[in-house]
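So this one's run39.cif, mmCIF, C-alpha atoms and all ligand atoms:
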```cif
data_model
loop_
_atom_site.label_atom_id
_atom_site.label_comp_id
_atom_site.auth_asym_id
_atom_site.auth_seq_id
_atom_site.Cartn_x
_atom_site.Cartn_y
_atom_site.Cartn_z
CA MET H 1 9.71 12.55 22.49
CA ARG H 2 11.79 11.92 19.41
CA LYS H 3 15.53 11.97 19.90
CA ILE H 4 17.54 13.90 17.33
CA ASN H 5 19.83 11.58 15.41
CA THR H 6 23.15 13.44 15.32
CA ARG H 7 24.49 11.32 12.45
CA SER H 8 21.58 11.99 10.10
CA PHE H 9 19.71 15.26 10.31
CA VAL H 10 18.78 18.32 8.36
CA ARG H 11 20.18 21.41 10.04
CA ALA H 12 17.56 24.04 10.76
CA THR H 13 18.22 27.05 8.59
CA ARG H 14 16.37 30.31 8.23
CA TRP H 15 14.51 28.61 5.35
CA THR H 16 13.30 25.63 7.40
CA PRO H 17 10.10 27.27 8.73
CA ARG H 18 9.23 28.21 5.15
CA GLU H 19 9.56 24.56 4.07
CA ILE H 20 7.34 23.47 6.93
CA ASN H 21 4.72 26.10 6.09
CA LEU H 22 4.73 24.98 2.45
CA GLN H 23 4.07 21.37 3.50
CA ILE H 24 1.32 22.40 5.92
CA LEU H 25 -0.36 24.54 3.29
CA LEU H 26 -0.12 21.81 0.64
CA ASN H 27 -1.63 19.25 3.01
CA LEU H 28 -4.44 21.63 3.97
CA VAL H 29 -5.29 22.08 0.30
CA ARG H 30 -5.21 18.30 -0.16
CA GLU H 31 -7.60 17.76 2.73
CA HIS H 32 -10.02 20.61 2.04
CA GLU H 33 -9.84 21.31 -1.71
CA PRO H 34 -11.24 23.36 -3.27
CA ILE H 35 -10.11 25.95 -0.75
CA SER H 36 -9.52 29.72 -0.95
CA ARG H 37 -6.49 31.66 0.25
CA ALA H 38 -8.65 33.38 2.90
CA GLU H 39 -9.71 30.01 4.31
CA LEU H 40 -6.07 28.84 4.33
CA ALA H 41 -5.03 31.98 6.24
CA ARG H 42 -7.77 31.30 8.78
CA ARG H 43 -6.81 27.64 9.21
CA MET H 44 -3.05 28.35 9.42
CA LYS H 45 -3.51 31.42 11.62
CA ILE H 46 -1.13 33.43 9.43
CA GLY H 47 -1.60 36.61 7.38
CA ARG H 48 -3.09 36.72 3.88
CA GLY H 49 0.20 38.08 2.52
CA MET H 50 2.10 35.03 3.75
CA VAL H 51 -0.51 32.69 2.25
CA THR H 52 -0.28 34.51 -1.10
CA TYR H 53 3.51 34.16 -1.00
CA LEU H 54 3.40 30.43 -0.11
CA THR H 55 0.72 29.54 -2.67
CA ALA H 56 2.64 31.39 -5.40
CA GLU H 57 5.66 29.24 -4.57
CA LEU H 58 3.64 25.99 -4.70
CA ILE H 59 1.96 27.01 -7.97
CA ALA H 60 5.40 27.79 -9.44
CA GLN H 61 6.62 24.36 -8.28
CA GLY H 62 3.65 22.75 -10.05
CA ALA H 63 2.24 21.32 -6.81
CA LEU H 64 -0.94 23.48 -6.77
CA TYR H 65 -3.16 25.03 -9.41
CA GLU H 66 -5.94 27.59 -9.41
CA GLY H 67 -9.33 26.30 -10.48
CA ASP H 68 -12.77 27.80 -10.91
CA THR H 69 -13.94 30.79 -8.94
CA VAL H 70 -16.93 30.26 -6.68
CA ASP H 71 -19.68 32.65 -5.61
CA SER H 72 -19.27 33.98 -2.12
CA PRO H 73 -21.93 35.71 -0.01
CA ARG H 74 -20.12 39.06 -0.05
CA GLY H 75 -19.86 39.17 -3.81
CA ARG H 76 -16.12 38.61 -4.14
CA ARG H 77 -15.27 35.55 -6.12
CA PRO H 78 -12.20 33.88 -4.62
CA GLN H 79 -9.95 31.77 -6.83
CA MET H 80 -10.02 28.25 -5.45
CA LEU H 81 -6.89 26.15 -5.02
CA TYR H 82 -6.39 22.46 -5.84
CA VAL H 83 -3.48 20.03 -5.58
CA ARG H 84 -2.17 19.32 -9.06
CA THR H 85 -2.77 15.60 -9.42
CA HIS H 86 -4.84 15.14 -12.60
CA ASP H 87 -2.13 15.75 -15.21
CA ARG H 88 0.75 14.08 -13.39
CA LEU H 89 1.00 10.38 -14.10
CA VAL H 90 2.41 7.35 -12.32
CA ILE H 91 2.93 3.79 -13.49
CA ALA H 92 2.12 1.39 -10.65
CA ILE H 93 3.35 -2.21 -10.94
CA ASP H 94 2.32 -5.07 -8.64
CA ILE H 95 4.46 -8.20 -9.09
CA ARG H 96 2.98 -11.28 -7.46
CA PHE H 97 3.70 -14.99 -7.75
CA SER H 98 0.52 -15.53 -9.79
CA SER H 99 0.30 -12.42 -11.98
CA THR H 100 1.83 -9.01 -12.58
CA TYR H 101 -0.47 -5.98 -12.77
CA ILE H 102 0.39 -2.64 -14.37
CA MET H 103 -1.78 0.43 -13.87
CA LEU H 104 -1.44 3.94 -15.27
CA THR H 105 -2.85 6.39 -12.71
CA ASP H 106 -2.86 10.06 -11.92
CA PHE H 107 -1.20 11.41 -8.76
CA SER H 108 -4.33 10.73 -6.69
CA GLY H 109 -4.37 7.06 -7.65
CA ASN H 110 -7.28 7.35 -10.12
CA SER H 111 -6.91 4.55 -12.64
CA ILE H 112 -6.49 5.49 -16.31
CA ALA H 113 -5.63 2.07 -17.75
CA MET H 114 -4.65 -1.35 -16.45
CA GLU H 115 -3.30 -4.61 -17.79
CA THR H 116 -2.05 -7.90 -16.41
CA PHE H 117 0.19 -10.79 -17.48
CA ASP H 118 1.60 -14.01 -16.03
CA THR H 119 4.57 -13.15 -13.84
CA ILE H 120 7.99 -13.77 -15.33
CA GLU H 121 10.48 -14.46 -12.54
CA ASP H 122 13.59 -14.13 -14.74
CA LEU H 123 14.64 -10.46 -14.68
CA ASN H 124 16.29 -10.71 -18.10
CA ALA H 125 12.87 -11.42 -19.59
CA LEU H 126 10.73 -9.45 -17.12
CA VAL H 127 12.42 -6.06 -17.62
CA PRO H 128 11.98 -5.99 -21.44
CA GLU H 129 8.35 -7.12 -21.00
CA LEU H 130 7.67 -4.29 -18.54
CA GLN H 131 9.51 -1.84 -20.79
CA THR H 132 7.29 -2.68 -23.78
CA ARG H 133 4.06 -2.61 -21.78
CA VAL H 134 4.83 0.65 -19.96
CA ARG H 135 5.82 2.40 -23.22
CA ASN H 136 2.61 1.23 -24.90
CA LEU H 137 0.45 2.35 -21.97
CA LEU H 138 2.02 5.81 -21.97
CA ALA H 139 1.79 6.11 -25.76
CA LEU H 140 -1.89 5.09 -25.76
CA HIS H 141 -3.16 6.96 -22.69
CA GLY H 142 -0.50 9.38 -21.54
CA ALA H 143 -1.22 12.10 -24.13
CA SER H 144 0.77 15.19 -23.21
CA ARG H 145 0.70 14.42 -19.48
CA LYS H 146 4.01 13.78 -17.78
CA CYS H 147 4.77 10.42 -16.14
CA GLU H 148 6.79 11.22 -13.02
CA GLY H 149 7.88 7.74 -12.05
CA ILE H 150 7.23 4.08 -11.49
CA GLY H 151 6.11 2.61 -8.18
CA LEU H 152 6.79 -1.12 -8.11
CA VAL H 153 5.59 -3.35 -5.27
CA VAL H 154 6.87 -6.86 -4.55
CA PRO H 155 5.85 -9.57 -2.08
CA GLY H 156 8.97 -9.29 0.06
CA MET H 157 11.50 -7.22 1.95
CA VAL H 158 13.14 -4.26 0.24
CA ASP H 159 16.18 -2.20 1.27
CA ALA H 160 14.87 1.30 1.91
CA VAL H 161 18.00 3.02 0.61
CA SER H 162 19.08 0.98 -2.43
CA GLY H 163 15.63 -0.33 -3.47
CA GLN H 164 17.13 -3.81 -3.73
CA VAL H 165 14.73 -6.71 -3.11
CA LEU H 166 16.34 -8.46 -0.13
CA ASN H 167 14.08 -11.51 -0.04
CA ALA H 168 10.82 -12.22 -1.84
CA PRO H 169 10.21 -15.91 -1.11
CA GLN H 170 7.16 -16.09 -3.42
CA LEU H 171 9.29 -15.04 -6.40
CA GLY H 172 12.46 -16.83 -5.30
CA TRP H 173 14.26 -13.46 -5.37
CA ARG H 174 17.13 -12.77 -2.97
CA ASN H 175 19.22 -9.60 -3.27
CA VAL H 176 17.69 -8.77 -6.64
CA ASP H 177 18.08 -5.31 -8.19
CA ILE H 178 15.14 -4.64 -10.52
CA LYS H 179 15.30 -0.87 -9.94
CA THR H 180 18.50 -0.15 -11.92
CA PRO H 181 17.71 -2.15 -15.09
CA LEU H 182 14.13 -0.81 -15.18
CA GLU H 183 15.31 2.78 -14.74
CA GLU H 184 17.82 2.29 -17.55
CA ALA H 185 15.19 0.69 -19.80
CA LEU H 186 12.54 3.39 -19.31
CA GLY H 187 14.44 6.53 -18.32
CA LEU H 188 12.09 7.10 -15.39
CA PRO H 189 12.74 6.97 -11.63
CA VAL H 190 11.69 3.60 -10.17
CA HIS H 191 10.67 3.21 -6.51
CA VAL H 192 10.56 -0.38 -5.20
CA GLU H 193 8.75 -1.31 -1.99
CA ASN H 194 7.34 -4.22 -0.02
CA ALA H 195 3.64 -4.44 -1.05
CA PRO H 196 2.06 -4.14 2.43
CA ILE H 197 4.26 -1.15 3.29
CA ALA H 198 3.19 0.50 0.03
CA CYS H 199 -0.46 -0.26 0.89
CA ALA H 200 0.05 1.43 4.27
CA LEU H 201 1.57 4.49 2.56
CA ALA H 202 -1.43 4.70 0.23
CA LYS H 203 -3.75 4.48 3.24
CA MET H 204 -1.94 7.45 4.78
CA TRP H 205 -1.46 9.61 1.70
CA LEU H 206 -4.03 8.69 -0.94
CA GLY H 207 -7.13 8.53 1.25
CA ARG H 208 -10.34 10.37 0.48
CA PRO H 209 -9.72 14.13 0.83
CA GLY H 210 -10.95 15.27 4.23
CA ALA H 211 -10.88 11.73 5.68
CA THR H 212 -9.03 11.22 8.94
CA VAL H 213 -5.54 9.94 8.19
CA PRO H 214 -4.56 7.04 10.46
CA THR H 215 -1.14 7.37 12.10
CA ASP H 216 -0.91 4.11 14.11
CA PHE H 217 -2.12 1.07 12.24
CA VAL H 218 -1.08 -2.18 10.59
CA TYR H 219 -1.92 -3.04 6.98
CA VAL H 220 -2.13 -6.80 6.42
CA THR H 221 -2.13 -8.07 2.84
CA VAL H 222 -3.63 -11.49 2.17
CA SER H 223 -2.39 -12.55 -1.24
CA ASP H 224 -0.21 -15.38 -2.56
CA GLY H 225 1.61 -14.74 0.73
CA ILE H 226 0.84 -12.73 3.88
CA GLY H 227 2.56 -9.41 4.60
CA ALA H 228 2.17 -6.51 6.98
CA GLY H 229 3.03 -2.81 6.85
CA VAL H 230 3.39 -1.35 10.34
CA VAL H 231 2.87 2.40 10.86
CA VAL H 232 3.70 4.03 14.19
CA ASN H 233 3.41 7.81 14.69
CA GLY H 234 2.80 8.27 10.98
CA GLN H 235 6.01 6.47 10.04
CA VAL H 236 6.57 3.03 8.57
CA VAL H 237 8.52 0.75 10.89
CA ARG H 238 11.23 -1.01 8.90
CA GLY H 239 13.55 -2.23 11.66
CA GLN H 240 17.34 -2.45 11.46
CA THR H 241 17.23 -4.97 8.62
CA ASN H 242 14.17 -3.81 6.64
CA SER H 243 12.32 -6.93 7.79
CA ALA H 244 10.04 -5.60 10.56
CA GLY H 245 6.38 -6.54 10.26
CA GLU H 246 6.92 -9.96 8.72
CA PHE H 247 3.96 -11.39 10.60
CA GLY H 248 3.27 -13.79 7.71
CA HIS H 249 6.29 -15.75 8.89
CA VAL H 250 5.40 -15.85 12.57
CA PRO H 251 4.82 -19.56 13.32
CA LEU H 252 1.35 -20.52 14.57
CA THR H 253 2.47 -24.11 15.16
CA ALA H 254 5.95 -25.51 15.64
CA ASP H 255 5.52 -28.46 13.27
CA GLY H 256 3.07 -27.21 10.65
CA PRO H 257 3.55 -27.36 6.88
CA ASP H 258 6.82 -26.12 5.38
CA CYS H 259 6.91 -22.47 4.38
CA LEU H 260 8.81 -20.86 1.51
CA CYS H 261 10.80 -18.87 4.10
CA GLY H 262 12.43 -22.08 5.37
CA GLY H 263 10.33 -22.24 8.56
CA HIS H 264 7.30 -24.38 9.43
CA GLY H 265 3.71 -23.63 10.38
CA CYS H 266 3.93 -19.89 9.53
CA LEU H 267 0.71 -17.84 9.45
CA GLU H 268 1.19 -17.67 5.69
CA VAL H 269 0.93 -21.42 5.10
CA TYR H 270 -2.56 -21.42 6.69
CA THR H 271 -4.00 -18.16 5.38
CA SER H 272 -2.44 -17.24 2.02
CA ASN H 273 -4.65 -17.43 -1.06
CA LEU H 274 -2.61 -20.45 -2.16
CA ALA H 275 -3.40 -22.18 1.15
CA THR H 276 -7.11 -21.36 0.88
CA VAL H 277 -7.38 -22.63 -2.69
CA CYS H 278 -5.46 -25.83 -1.77
CA ARG H 279 -7.87 -26.37 1.10
CA TYR H 280 -10.82 -25.87 -1.20
CA LEU H 281 -9.38 -28.43 -3.64
CA GLY H 282 -8.92 -30.89 -0.77
CA LYS H 283 -5.13 -30.91 -1.17
CA GLU H 284 -2.52 -30.72 1.56
CA PHE H 285 -0.72 -27.39 1.36
CA SER H 286 2.93 -27.41 0.52
CA PRO H 287 4.69 -24.47 -1.14
CA ALA H 288 6.22 -26.69 -3.82
CA THR H 289 3.05 -28.54 -4.79
CA ALA H 290 0.81 -25.46 -4.47
CA ARG H 291 2.87 -23.56 -6.98
CA ALA H 292 2.59 -26.41 -9.47
CA LEU H 293 -0.98 -27.41 -8.63
CA LEU H 294 -2.79 -24.10 -8.74
CA PRO H 295 -2.15 -23.00 -12.31
CA SER H 296 -3.19 -26.48 -13.53
CA SER H 297 -6.33 -26.65 -11.36
CA GLY H 298 -7.80 -23.54 -12.96
CA VAL H 299 -9.35 -22.50 -9.64
CA THR H 300 -8.52 -18.99 -8.40
CA ILE H 301 -9.10 -17.40 -5.02
CA ALA H 302 -11.68 -15.10 -6.63
CA GLU H 303 -13.65 -18.18 -7.66
CA VAL H 304 -13.47 -19.76 -4.21
CA VAL H 305 -14.73 -16.47 -2.75
CA SER H 306 -17.61 -16.17 -5.22
CA ARG H 307 -18.60 -19.81 -4.63
CA ALA H 308 -18.61 -19.14 -0.88
CA LEU H 309 -20.79 -16.09 -1.45
CA ALA H 310 -23.14 -18.30 -3.49
CA GLY H 311 -23.35 -20.64 -0.48
CA GLU H 312 -21.24 -23.59 -1.70
CA ALA H 313 -20.42 -25.44 1.54
CA ARG H 314 -16.90 -26.54 0.56
CA ALA H 315 -15.90 -22.96 -0.31
CA VAL H 316 -17.51 -21.57 2.86
CA ASP H 317 -15.60 -24.12 4.96
CA ALA H 318 -12.28 -23.39 3.24
CA LEU H 319 -12.65 -19.69 3.98
CA GLN H 320 -13.77 -20.30 7.57
CA VAL H 321 -10.55 -22.21 8.31
CA THR H 322 -8.57 -19.34 6.76
CA ALA H 323 -10.51 -16.85 8.92
CA ARG H 324 -9.75 -18.82 12.10
CA HIS H 325 -6.03 -18.83 11.43
CA LEU H 326 -6.10 -15.21 10.31
CA GLY H 327 -7.81 -14.26 13.58
CA ALA H 328 -5.01 -16.01 15.47
CA GLY H 329 -2.42 -14.13 13.40
CA LEU H 330 -4.11 -10.75 13.88
CA SER H 331 -4.23 -11.43 17.60
CA VAL H 332 -0.41 -11.73 17.55
CA ILE H 333 -0.25 -8.29 15.90
CA ILE H 334 -2.63 -6.80 18.49
CA LYS H 335 -0.56 -8.20 21.36
CA THR H 336 2.72 -7.04 19.86
CA LEU H 337 1.78 -3.55 18.71
CA SER H 338 -1.65 -2.62 20.10
CA PRO H 339 -2.52 -0.64 16.94
CA THR H 340 -5.56 1.65 16.67
CA GLN H 341 -6.76 -0.45 13.75
CA ILE H 342 -5.74 -3.29 11.43
CA VAL H 343 -6.59 -2.97 7.74
CA VAL H 344 -6.92 -6.24 5.83
CA GLY H 345 -6.51 -6.13 2.04
CA GLY H 346 -6.92 -8.96 -0.45
CA GLU H 347 -9.45 -10.95 -2.48
CA ILE H 348 -10.92 -12.73 0.56
CA THR H 349 -12.26 -9.43 1.94
CA GLU H 350 -15.03 -9.64 -0.70
CA ALA H 351 -16.52 -12.30 1.64
CA TRP H 352 -15.96 -10.17 4.76
CA GLU H 353 -19.47 -10.77 6.15
CA GLN H 354 -18.64 -14.49 6.35
CA LEU H 355 -15.11 -14.00 7.65
CA GLU H 356 -15.54 -11.23 10.20
CA PRO H 357 -17.47 -13.08 12.96
CA THR H 358 -14.89 -15.90 12.94
CA ILE H 359 -11.92 -13.50 12.92
CA ARG H 360 -13.46 -11.44 15.75
CA ALA H 361 -14.22 -14.56 17.82
CA GLU H 362 -10.60 -15.74 17.51
CA ILE H 363 -9.28 -12.32 18.51
CA ALA H 364 -11.71 -12.07 21.45
CA ALA H 365 -10.82 -15.55 22.71
CA ARG H 366 -7.13 -14.60 22.84
CA ALA H 367 -7.34 -10.92 23.84
CA LEU H 368 -5.64 -9.76 27.02
CA THR H 369 -7.93 -6.74 27.59
CA ASP H 370 -11.45 -5.78 26.51
CA MET H 371 -10.06 -2.87 24.52
CA ALA H 372 -7.61 -5.13 22.70
CA ALA H 373 -10.49 -7.47 21.83
CA ALA H 374 -12.34 -4.51 20.30
CA THR H 375 -9.46 -3.41 18.01
CA PRO H 376 -11.13 -2.38 14.73
CA ILE H 377 -10.39 -4.74 11.82
CA VAL H 378 -11.17 -2.90 8.60
CA PRO H 379 -11.42 -4.67 5.22
CA GLU H 380 -10.14 -3.02 2.06
CA LEU H 381 -11.71 -4.55 -1.03
CA ALA H 382 -9.46 -6.00 -3.73
CA SER H 383 -11.59 -4.16 -6.30
CA ALA H 384 -9.97 -0.92 -5.04
CA TYR H 385 -6.56 -2.36 -6.09
CA PRO H 386 -4.82 -1.37 -2.84
CA ARG H 387 -1.43 -2.73 -3.95
CA LEU H 388 -1.47 -0.65 -7.13
CA ARG H 389 -2.57 2.39 -5.11
CA GLY H 390 0.45 1.57 -2.96
CA GLY H 391 2.64 1.70 -6.06
CA THR H 392 1.21 5.12 -6.91
CA ALA H 393 1.82 6.35 -3.36
CA LEU H 394 5.52 5.50 -3.70
CA VAL H 395 5.79 8.20 -6.36
CA SER H 396 3.19 10.75 -5.25
CA ALA H 397 3.26 10.59 -1.43
CA PRO H 398 6.68 12.29 -1.01
CA LEU H 399 4.97 15.41 -2.37
CA PHE H 400 2.83 15.57 0.76
CA ALA H 401 5.09 13.92 3.33
CA ALA H 402 6.53 15.94 6.20
CA PRO H 403 10.08 17.22 5.78
CA LYS H 404 12.64 14.94 7.40
CA PHE H 405 14.37 16.29 10.48
CA ALA H 406 15.78 13.37 12.38
ZN ZN H 501 7.34 -18.56 6.63
#
```
Starting from the file, lay out its structure as structure tokens.
Amino acid sequence: MRKINTRSFVRATRWTPREINLQILLNLVREHEPISRAELARRMKIGRGMVTYLTAELIAQGALYEGDTVDSPRGRRPQMLYVRTHDRLVIAIDIRFSSTYIMLTDFSGNSIAMETFDTIEDLNALVPELQTRVRNLLALHGASRKCEGIGLVVPGMVDAVSGQVLNAPQLGWRNVDIKTPLEEALGLPVHVENAPIACALAKMWLGRPGATVPTDFVYVTVSDGIGAGVVVNGQVVRGQTNSAGEFGHVPLTADGPDCLCGGHGCLEVYTSNLATVCRYLGKEFSPATARALLPSSGVTIAEVVSRALAGEARAVDALQVTARHLGAGLSVIIKTLSPTQIVVGGEITEAWEQLEPTIRAEIAARALTDMAAATPIVPELASAYPRLRGGTALVSAPLFAAPKFA
């Protein structure tokens, strides 16, 4: 049972049930579109009049629209309802150590245009660069459609209230406010979030219509670093200090290589893309040398993965070591949270057939129960741009999310 927080709550008013019904109806349309009013009345077990009233409200708000009529067996042609996503735009931005990606999408996360550039860590140069690129994207592809906001994801912890980046070790950012200058530069609302949390939100809110929405899972991102978004009972777990789920910085060994976080032997120093590429190049991993070495080596994680897929032994071996450590790390997550599934996103998932047996063997060897050993580990391919979908979800998901009561 959830305890009511008496310091932060929305008092139930005579309008509250109406708000709840609006959210239920909107989510039913999202899951079953196209759907008729009659079908909505049947699914919600309420009268047609109430459904007509609620849909009129959502159409007036711009959340729903009426599409084509369809033939029905009894000759009446009901007007079908859809969630209005196609003409509402979002700019999603994924800032990583290696590159920054910008994607213009609609509210469902469908890509309209994308571009990428080398990440600029200095905010004074980064904000004007983003401003120019976002304006150009909207001028070229936005047409008359309205951009409703910017969803920006970073590899690090973010304060849920202020949007301030508390610590992004990969970027060397501590207590950095990118939200305010970007909002001022573009005149659009900017939502900033930790990348794996944003990926988890996209998993919940931008999934295929009709697909089962997971409510207890962990989303692990394998990128320049390792992050995790933890979802329990359909809510992201942030902890008291917005730093819950930092499994990338759980130490696997007490005296392993130095990590950017200041610790040693973290999961991240064995399994990040930087670590995998270093291993492939036959170099010892160290955060300082990796950051200097990788751009000059010209070898990317995508190349290591494609060489492994082509059967190159050195690339296969490099990925196998990553898989072993990743299995150990996922086993920590299973023991701590016992989630219904773990989603793994990142470039290495393109070689999932090679990685999975090793990851599963590591988990099985360390599992405390048979059921824990069988926890589903689900890859999400990098080609689906999960982090950019996460950025989109930051803007569009609040449309569908349940009203807040406690
Ligand atoms: Zn660390």
Considering all atoms listed in the file, return as a compact mmCIF listing (two decimals) with C-alpha atoms, keeping the file's coordinate frame whatever protein or nucleic-acid residues lie within 9 Å of segment 288-290 of chain H, sequence-local ones (same chain, fewer than 4 positions apart) excluded.
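The result, written out as out_7.txt:
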```txt
# COMPACT_ATOMS: atom_id res chain seq x y z
CA LEU H 260 8.81 -20.86 1.51
CA LEU H 274 -2.61 -20.45 -2.16
CA ALA H 275 -3.40 -22.18 1.15
CA VAL H 277 -7.38 -22.63 -2.69
CA CYS H 278 -5.46 -25.83 -1.77
CA LYS H 283 -5.13 -30.91 -1.17
CA GLU H 284 -2.52 -30.72 1.56
CA LEU H 294 -2.79 -24.10 -8.74
CA PRO H 295 -2.15 -23.00 -12.31
```
| request: Please indicate the distance in Å from atom CA of Cys147 of chain H to atom CA of Val343 of chain H, rounded to one decimal place. | output: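 Straight-line distance from atom CA of Cys147 of chain H to atom CA of Val343 of chain H works out to 29.6 Å.
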| query | Nearest to Ile112 of chain H: which of H:His86, H:Glu129, H:Tyr65, H:Ala198 is it, counting all atoms listed in the file? | reply |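 Result for the nearest residue to Ile112 of chain H: H:His86.
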| query | Expressed in Å to a single decimal, how great is the separation between atom CA of Gln131 of chain H and atom CA of Pro386 of chain H? | reply |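 Going from atom CA of Gln131 of chain H over to atom CA of Pro386 of chain H, I get 23.0 Å.
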| said: Give me, as a ChimeraX atom specification, the set of residues whose atoms come within 12 Å of any atom of ligand ZN 501 (chain H), counting all atoms listed in the file. | reply: /H:156,167-170,225-227,246-254,256-272,286-287
Generate a file of the selected residues that holds C-alpha atoms, formatted as a CSV table (one decimal), in the frame of the given file.
```csv
chain,number,residue,atom,x,y,z
H,156,GLY,CA,9.0,-9.3,0.1
H,167,ASN,CA,14.1,-11.5,0.0
H,168,ALA,CA,10.8,-12.2,-1.8
H,169,PRO,CA,10.2,-15.9,-1.1
H,170,GLN,CA,7.2,-16.1,-3.4
H,225,GLY,CA,1.6,-14.7,0.7
H,226,ILE,CA,0.8,-12.7,3.9
H,227,GLY,CA,2.6,-9.4,4.6
H,246,GLU,CA,6.9,-10.0,8.7
H,247,PHE,CA,4.0,-11.4,10.6
H,248,GLY,CA,3.3,-13.8,7.7
H,249,HIS,CA,6.3,-15.8,8.9
H,250,VAL,CA,5.4,-15.8,12.6
H,251,PRO,CA,4.8,-19.6,13.3
H,252,LEU,CA,1.4,-20.5,14.6
H,253,THR,CA,2.5,-24.1,15.2
H,254,ALA,CA,6.0,-25.5,15.6
H,256,GLY,CA,3.1,-27.2,10.6
H,257,PRO,CA,3.6,-27.4,6.9
H,258,ASP,CA,6.8,-26.1,5.4
H,259,CYS,CA,6.9,-22.5,4.4
H,260,LEU,CA,8.8,-20.9,1.5
H,261,CYS,CA,10.8,-18.9,4.1
H,262,GLY,CA,12.4,-22.1,5.4
H,263,GLY,CA,10.3,-22.2,8.6
H,264,HIS,CA,7.3,-24.4,9.4
H,265,GLY,CA,3.7,-23.6,10.4
H,266,CYS,CA,3.9,-19.9,9.5
H,267,LEU,CA,0.7,-17.8,9.4
H,268,GLU,CA,1.2,-17.7,5.7
H,269,VAL,CA,0.9,-21.4,5.1
H,270,TYR,CA,-2.6,-21.4,6.7
H,271,THR,CA,-4.0,-18.2,5.4
H,272,SER,CA,-2.4,-17.2,2.0
H,286,SER,CA,2.9,-27.4,0.5
H,287,PRO,CA,4.7,-24.5,-1.1
```
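Taking all atoms listed in the file into account, Phe97 of chain H lies nearest to H:Thr119 out of the set H:Thr392, H:Thr119, H:Ser306, H:Asn242.
Minimum distance to His141 of chain H across H:Ile46, H:Ala160, H:Ala56, H:Ile91 (counting only C-alpha atoms) occurs at H:Ile91.
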Would you compute the box with edges along x, y and z of the file around segment 379-386 of chain H, including every atom the file lists for it and 5 Å extra on each side, and give its centre and edge lengths in Å to one decimal, as AutoDock Vina command-line options?
```
--center_x -8.3 --center_y -3.5 --center_z -0.5 --size_x 16.9 --size_y 15.1 --size_z 21.5
```
| Any idea what the distance is between atom CA of Ser98 of chain H and atom CA of Gln164 of chain H? | 21.2 Å
| Once you count all atoms listed in the file, which residues end up no further than 12 Å from (19.2, -10.4, -5.4) in the file's frame, shown as a ChimeraX atom specification? | /H:121-123,156-159,162-169,171-179
Since the input lacks some atoms of segment 246-258 of chain H, please model N, CA and C atoms and print them as a PDB file, in the frame of the given file.
```
ATOM      1  N   GLU H 246       7.105  -8.721   9.489  1.00  0.00           N
ATOM      2  CA  GLU H 246       6.920  -9.960   8.720  1.00  0.00           C
ATOM      3  C   GLU H 246       6.064 -10.965   9.502  1.00  0.00           C
ATOM      4  N   PHE H 247       4.839 -10.541   9.813  1.00  0.00           N
ATOM      5  CA  PHE H 247       3.960 -11.390  10.600  1.00  0.00           C
ATOM      6  C   PHE H 247       3.538 -12.652   9.830  1.00  0.00           C
ATOM      7  N   GLY H 248       3.617 -12.602   8.498  1.00  0.00           N
ATOM      8  CA  GLY H 248       3.270 -13.790   7.710  1.00  0.00           C
ATOM      9  C   GLY H 248       4.164 -14.966   8.036  1.00  0.00           C
ATOM     10  N   HIS H 249       5.354 -14.676   8.577  1.00  0.00           N
ATOM     11  CA  HIS H 249       6.290 -15.750   8.890  1.00  0.00           C
ATOM     12  C   HIS H 249       6.458 -15.977  10.389  1.00  0.00           C
ATOM     13  N   VAL H 250       5.459 -15.490  11.148  1.00  0.00           N
ATOM     14  CA  VAL H 250       5.400 -15.850  12.570  1.00  0.00           C
ATOM     15  C   VAL H 250       4.745 -17.234  12.627  1.00  0.00           C
ATOM     16  N   PRO H 251       5.408 -18.215  13.291  1.00  0.00           N
ATOM     17  CA  PRO H 251       4.820 -19.560  13.320  1.00  0.00           C
ATOM     18  C   PRO H 251       3.594 -19.633  14.235  1.00  0.00           C
ATOM     19  N   LEU H 252       2.522 -20.259  13.730  1.00  0.00           N
ATOM     20  CA  LEU H 252       1.350 -20.520  14.570  1.00  0.00           C
ATOM     21  C   LEU H 252       1.479 -21.877  15.233  1.00  0.00           C
ATOM     22  N   THR H 253       2.197 -22.800  14.575  1.00  0.00           N
ATOM     23  CA  THR H 253       2.470 -24.110  15.160  1.00  0.00           C
ATOM     24  C   THR H 253       3.930 -24.453  14.873  1.00  0.00           C
ATOM     25  N   ALA H 254       4.519 -25.223  15.776  1.00  0.00           N
ATOM     26  CA  ALA H 254       5.950 -25.510  15.640  1.00  0.00           C
ATOM     27  C   ALA H 254       6.212 -26.517  14.528  1.00  0.00           C
ATOM     28  N   ASP H 255       5.245 -27.382  14.233  1.00  0.00           N
ATOM     29  CA  ASP H 255       5.520 -28.460  13.270  1.00  0.00           C
ATOM     30  C   ASP H 255       4.492 -28.471  12.140  1.00  0.00           C
ATOM     31  N   GLY H 256       4.039 -27.293  11.741  1.00  0.00           N
ATOM     32  CA  GLY H 256       3.070 -27.210  10.650  1.00  0.00           C
ATOM     33  C   GLY H 256       3.742 -27.418   9.302  1.00  0.00           C
ATOM     34  N   PRO H 257       2.988 -27.185   8.225  1.00  0.00           N
ATOM     35  CA  PRO H 257       3.550 -27.360   6.880  1.00  0.00           C
ATOM     36  C   PRO H 257       4.767 -26.480   6.646  1.00  0.00           C
ATOM     37  N   ASP H 258       5.638 -26.914   5.748  1.00  0.00           N
ATOM     38  CA  ASP H 258       6.820 -26.120   5.380  1.00  0.00           C
ATOM     39  C   ASP H 258       6.374 -24.810   4.748  1.00  0.00           C
TER      40      ASP H 258
END
```
